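Coordinates from model_17.cif are shown below (mmCIF, C-alpha atoms).
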```
data_target
#
loop_
_atom_site.group_PDB
_atom_site.id
_atom_site.type_symbol
_atom_site.label_atom_id
_atom_site.label_comp_id
_atom_site.auth_asym_id
_atom_site.auth_seq_id
_atom_site.Cartn_x
_atom_site.Cartn_y
_atom_site.Cartn_z
ATOM 1 C CA MET R 1 -66.905 -45.646 -30.232
ATOM 2 C CA GLU R 2 -69.906 -43.506 -30.746
ATOM 3 C CA ASP R 3 -70.878 -42.542 -34.127
ATOM 4 C CA ASP R 4 -70.908 -38.704 -34.197
ATOM 5 C CA THR R 5 -71.320 -38.607 -37.915
ATOM 6 C CA PRO R 6 -74.027 -36.140 -38.884
ATOM 7 C CA VAL R 7 -76.768 -36.916 -41.264
ATOM 8 C CA PHE R 8 -76.235 -35.234 -44.642
ATOM 9 C CA SER R 9 -78.863 -33.837 -46.872
ATOM 10 C CA SER R 10 -76.766 -34.102 -49.978
ATOM 11 C CA LEU R 11 -73.762 -35.840 -51.308
ATOM 12 C CA GLY R 12 -71.870 -32.538 -51.726
ATOM 13 C CA GLU R 13 -72.509 -31.710 -48.087
ATOM 14 C CA GLU R 14 -71.121 -35.120 -47.050
ATOM 15 C CA VAL R 15 -68.086 -34.697 -49.310
ATOM 16 C CA ASN R 16 -67.426 -31.224 -47.840
ATOM 17 C CA TYR R 17 -67.803 -32.621 -44.342
ATOM 18 C CA TRP R 18 -65.286 -35.377 -44.994
ATOM 19 C CA LYS R 19 -62.906 -32.997 -46.753
ATOM 20 C CA GLU R 20 -63.011 -30.691 -43.729
ATOM 21 C CA LYS R 21 -62.438 -33.656 -41.425
ATOM 22 C CA ALA R 22 -59.570 -34.846 -43.619
ATOM 23 C CA ALA R 23 -58.117 -31.316 -43.619
ATOM 24 C CA GLU R 24 -58.450 -31.177 -39.786
ATOM 25 C CA TYR R 25 -56.732 -34.559 -39.428
ATOM 26 C CA LYS R 26 -54.101 -33.570 -41.944
ATOM 27 C CA GLU R 27 -53.460 -30.326 -40.022
ATOM 28 C CA GLY R 28 -53.304 -32.306 -36.740
ATOM 29 C CA GLN R 29 -50.983 -34.830 -38.335
ATOM 30 C CA ASP R 30 -48.823 -31.981 -39.719
ATOM 31 C CA ASN R 31 -48.693 -30.410 -36.235
ATOM 32 C CA VAL R 32 -47.763 -33.743 -34.671
ATOM 33 C CA GLN R 33 -45.185 -34.382 -37.431
ATOM 34 C CA SER R 34 -43.772 -30.877 -36.919
ATOM 35 C CA GLN R 35 -43.582 -31.434 -33.152
ATOM 36 C CA PHE R 36 -42.032 -34.855 -33.766
ATOM 37 C CA ASP R 37 -39.435 -33.416 -36.158
ATOM 38 C CA GLU R 38 -38.688 -30.614 -33.671
ATOM 39 C CA PHE R 39 -38.420 -33.226 -30.920
ATOM 40 C CA VAL R 40 -36.045 -35.361 -33.025
ATOM 41 C CA GLU R 41 -33.930 -32.305 -33.856
ATOM 42 C CA ASP R 42 -33.862 -31.176 -30.201
ATOM 43 C CA SER R 43 -33.032 -34.748 -29.179
ATOM 44 C CA LYS R 44 -30.129 -34.868 -31.624
ATOM 45 C CA GLU R 45 -28.826 -31.510 -30.346
ATOM 46 C CA LEU R 46 -29.242 -32.685 -26.741
ATOM 47 C CA GLU R 47 -27.562 -35.998 -27.593
ATOM 48 C CA ALA R 48 -24.635 -34.154 -29.237
ATOM 49 C CA GLU R 49 -24.366 -31.815 -26.234
ATOM 50 C CA LEU R 50 -24.537 -34.753 -23.792
ATOM 51 C CA GLU R 51 -21.925 -36.670 -25.794
ATOM 52 C CA SER R 52 -19.688 -33.589 -25.721
ATOM 53 C CA GLN R 53 -20.211 -33.277 -21.953
ATOM 54 C CA LEU R 54 -19.572 -37.021 -21.582
ATOM 55 C CA GLU R 55 -16.310 -36.734 -23.543
ATOM 56 C CA GLN R 56 -15.268 -33.750 -21.407
ATOM 57 C CA ALA R 57 -16.204 -35.628 -18.228
ATOM 58 C CA GLU R 58 -14.307 -38.740 -19.390
ATOM 59 C CA LYS R 59 -11.261 -36.584 -20.260
ATOM 60 C CA LYS R 60 -11.507 -34.877 -16.875
ATOM 61 C CA ILE R 61 -11.846 -38.270 -15.144
ATOM 62 C CA SER R 62 -8.801 -39.521 -17.082
ATOM 63 C CA ASP R 63 -6.788 -36.415 -16.153
ATOM 64 C CA LEU R 64 -7.884 -36.684 -12.516
ATOM 65 C CA SER R 65 -7.019 -40.395 -12.499
ATOM 66 C CA LYS R 66 -3.519 -39.555 -13.763
ATOM 67 C CA ILE R 67 -3.170 -36.863 -11.106
ATOM 68 C CA LYS R 68 -4.485 -39.280 -8.456
ATOM 69 C CA GLN R 69 -1.994 -41.936 -9.587
ATOM 70 C CA SER R 70 0.807 -39.357 -9.468
ATOM 71 C CA PHE R 71 -0.244 -38.353 -5.936
ATOM 72 C CA GLU R 72 -0.443 -41.999 -4.879
ATOM 73 C CA LEU R 73 3.107 -42.600 -6.173
ATOM 74 C CA GLU R 74 4.325 -39.457 -4.405
ATOM 75 C CA ASN R 75 2.460 -40.551 -1.264
ATOM 76 C CA ASP R 76 4.108 -44.000 -1.412
ATOM 77 C CA LYS R 77 7.532 -42.370 -1.839
ATOM 78 C CA LEU R 78 6.844 -40.074 1.115
ATOM 79 C CA LYS R 79 5.650 -43.024 3.211
ATOM 80 C CA ASP R 80 8.869 -44.899 2.371
ATOM 81 C CA ARG R 81 10.968 -41.829 3.245
ATOM 82 C CA LEU R 82 9.012 -41.361 6.473
ATOM 83 C CA LEU R 83 9.510 -45.006 7.398
ATOM 84 C CA ALA R 84 13.229 -44.839 6.604
ATOM 85 C CA THR R 85 13.603 -41.584 8.532
ATOM 86 C CA THR R 86 11.606 -42.975 11.446
ATOM 87 C CA ASN R 87 13.787 -46.091 11.521
ATOM 88 C CA GLU R 88 16.927 -43.971 11.311
ATOM 89 C CA PHE R 89 15.729 -41.685 14.109
ATOM 90 C CA SER R 90 14.681 -44.677 16.199
ATOM 91 C CA PHE R 91 18.161 -46.168 15.775
ATOM 92 C CA THR R 92 19.764 -42.798 16.568
ATOM 93 C CA VAL R 93 17.553 -42.282 19.633
ATOM 94 C CA SER R 94 18.289 -45.819 20.818
ATOM 95 C CA SER R 95 22.012 -45.290 20.268
ATOM 96 C CA LEU R 96 21.901 -41.961 22.104
ATOM 97 C CA GLN R 97 19.938 -43.527 24.960
ATOM 98 C CA ASP R 98 22.594 -46.243 25.212
ATOM 99 C CA GLU R 99 25.314 -43.565 25.258
ATOM 100 C CA VAL R 100 23.425 -41.573 27.911
ATOM 101 C CA SER R 101 23.057 -44.720 29.989
ATOM 102 C CA GLU R 102 26.761 -45.503 29.561
ATOM 103 C CA TYR R 103 27.783 -41.940 30.430
ATOM 104 C CA SER R 104 25.388 -41.903 33.384
ATOM 105 C CA GLY R 105 27.117 -45.039 34.685
ATOM 106 C CA LYS R 106 30.540 -43.464 34.107
ATOM 107 C CA ILE R 107 29.422 -40.255 35.820
ATOM 108 C CA SER R 108 28.106 -42.272 38.750
ATOM 109 C CA ASP R 109 31.401 -44.169 38.947
ATOM 110 C CA LEU R 110 33.384 -40.924 38.706
ATOM 111 C CA GLN R 111 31.223 -39.326 41.406
ATOM 112 C CA LYS R 112 31.928 -42.319 43.676
ATOM 113 C CA TYR R 113 35.624 -42.039 42.846
ATOM 114 C CA VAL R 114 35.599 -38.292 43.584
ATOM 115 C CA ARG R 115 33.826 -38.943 46.912
ATOM 116 C CA GLU R 116 36.443 -41.575 47.755
ATOM 117 C CA LEU R 117 39.238 -39.169 46.794
ATOM 118 C CA GLU R 118 37.640 -36.420 48.872
ATOM 119 C CA HIS R 119 37.306 -38.845 51.786
ATOM 120 C CA ASN R 120 40.941 -39.956 51.369
ATOM 121 C CA ASN R 121 42.003 -36.315 51.026
ATOM 122 C CA ASP R 122 40.111 -35.459 54.244
ATOM 123 C CA ASN R 123 41.823 -38.394 55.984
ATOM 124 C CA LEU R 124 45.215 -37.283 54.657
ATOM 125 C CA GLU R 125 44.566 -33.690 55.714
ATOM 126 C CA ARG R 126 43.524 -34.913 59.190
ATOM 127 C CA GLY R 127 46.631 -37.110 59.317
ATOM 128 C CA ASN R 128 48.760 -34.195 58.111
ATOM 129 C CA ARG R 129 47.242 -31.890 60.756
ATOM 130 C CA ALA R 130 47.822 -34.553 63.413
ATOM 131 C CA MET R 131 51.390 -35.045 62.167
ATOM 132 C CA MET R 132 51.950 -31.268 62.120
ATOM 133 C CA CYS R 133 50.670 -31.081 65.695
ATOM 134 C CA SER R 134 52.913 -33.989 66.638
ATOM 135 C CA LEU R 135 55.798 -32.354 64.781
ATOM 136 C CA GLU R 136 55.158 -29.069 66.566
ATOM 137 C CA ASP R 137 55.041 -30.945 69.886
ATOM 138 C CA PHE R 138 58.209 -32.803 68.895
ATOM 139 C CA GLU R 139 59.941 -29.532 67.853
ATOM 140 C CA LYS R 140 58.802 -27.924 71.084
ATOM 141 C CA LYS R 141 60.123 -30.881 73.083
ATOM 142 C CA LEU R 142 63.295 -30.921 70.947
ATOM 143 C CA ASN R 143 63.811 -27.197 71.493
ATOM 144 C CA GLU R 144 63.186 -27.686 75.186
ATOM 145 C CA ALA R 145 65.648 -30.613 75.195
ATOM 146 C CA ILE R 146 68.189 -28.524 73.220
ATOM 147 C CA GLU R 147 67.755 -25.649 75.681
ATOM 148 C CA LYS R 148 68.023 -28.051 78.582
ATOM 149 C CA ASN R 149 71.057 -29.649 76.930
ATOM 150 C CA ALA R 150 72.566 -26.212 76.318
ATOM 151 C CA LEU R 151 71.948 -25.292 79.949
ATOM 152 C CA LEU R 152 73.432 -28.572 81.060
ATOM 153 C CA GLU R 153 76.419 -28.045 78.774
ATOM 154 C CA ASN R 154 76.816 -24.561 80.197
ATOM 155 C CA GLU R 155 76.605 -25.976 83.676
ATOM 156 C CA VAL R 156 79.089 -28.698 82.726
ATOM 157 C CA GLU R 157 81.422 -26.082 81.254
ATOM 158 C CA ASP R 158 80.917 -23.856 84.253
ATOM 159 C CA LYS R 159 81.572 -26.816 86.517
ATOM 160 C CA ALA R 160 84.581 -27.835 84.425
ATOM 161 C CA GLY R 161 85.759 -24.259 84.450
ATOM 162 C CA LEU R 162 85.328 -24.177 88.242
ATOM 163 C CA GLN R 163 87.132 -27.444 88.594
ATOM 164 C CA ASP R 164 89.909 -26.157 86.421
ATOM 165 C CA MET R 165 90.021 -23.103 88.519
ATOM 166 C CA SER R 166 89.945 -25.047 91.650
ATOM 167 C CA ASN R 167 92.711 -27.284 90.316
ATOM 168 C CA ASP R 168 94.750 -24.362 89.396
#
```
Written form, structure tokens:
Amino acid sequence: MEDDTPVFSSLGEEVNYWKEKAAEYKEGQDNVQSQFDEFVEDSKELEAELESQLEQAEKKISDLSKIKQSFELENDKLKDRLLATTNEFSFTVSSLQDEVSEYSGKISDLQKYVRELEHNNDNLERGNRAMMCSLEDFEKKLNEAIEKNALLENEVEDKAGLQDMSND
């Protein structure tokens, strides 16, 4: 440290110099103290404001945590309902698929049965047509035989009548 102390011509001059220096330091110290006090006061205000914000943030976090927990419970309930519904629908779909398969088999069997009935019906209709043709042929032959028989009977009667006439 350099010694910037001036050389004094008198003791009064030196006392005045040191009084001025003391007053300067006192003023500097008062300024620093004032700034320090202002800083402490501002710090306390800032601390109070930050504590208030912290309390609000903690309350908000607590409220949001409660809401989150409520949503998680609701989500779990919905997951359980979805799982139960999915299982129920899976069972229903499986049951309906089994029924469709069963009915498809029955329909297939019924279609085979209908084809068989149609085939049998066709055979019966063919047989009936053949029988009707045979019946018509038989009736025709019968009618021809009846006519022939009637003619023969007439001839026999005519002959018998002629014989009776010739015997008379």
Review point. Which distance in Å separates atom CA of Glu136 of chain R and atom CA of Leu124 of chain R, to one decimal?
Key: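 We find that atom CA of Glu136 of chain R and atom CA of Leu124 of chain R lie 17.6 Å from each other.
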Straight-line distance linking atom CA of Pro6 of chain R with atom CA of Glu20 of chain R, stated in Å to one decimal:
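Interatomic distance, atom CA of Pro6 of chain R to atom CA of Glu20 of chain R: 13.2 Å.
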Report the distance between atom CA of Val100 of chain R and atom CA of Tyr113 of chain R in Å, rounded to one decimal place.
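Pair atom CA of Val100 of chain R / atom CA of Tyr113 of chain R returns 19.3 Å.
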Around all the atoms of segment 64-83 of chain R listed in the file, draw an axis-aligned box and extend it by 6 Å on each of the six sides; I want its centre and edge lengths in Å to one decimal, as JSON.
```
{"center_x": 1.5, "center_y": -40.8, "center_z": -3.2, "size_x": 30.9, "size_y": 20.3, "size_z": 33.2}
```
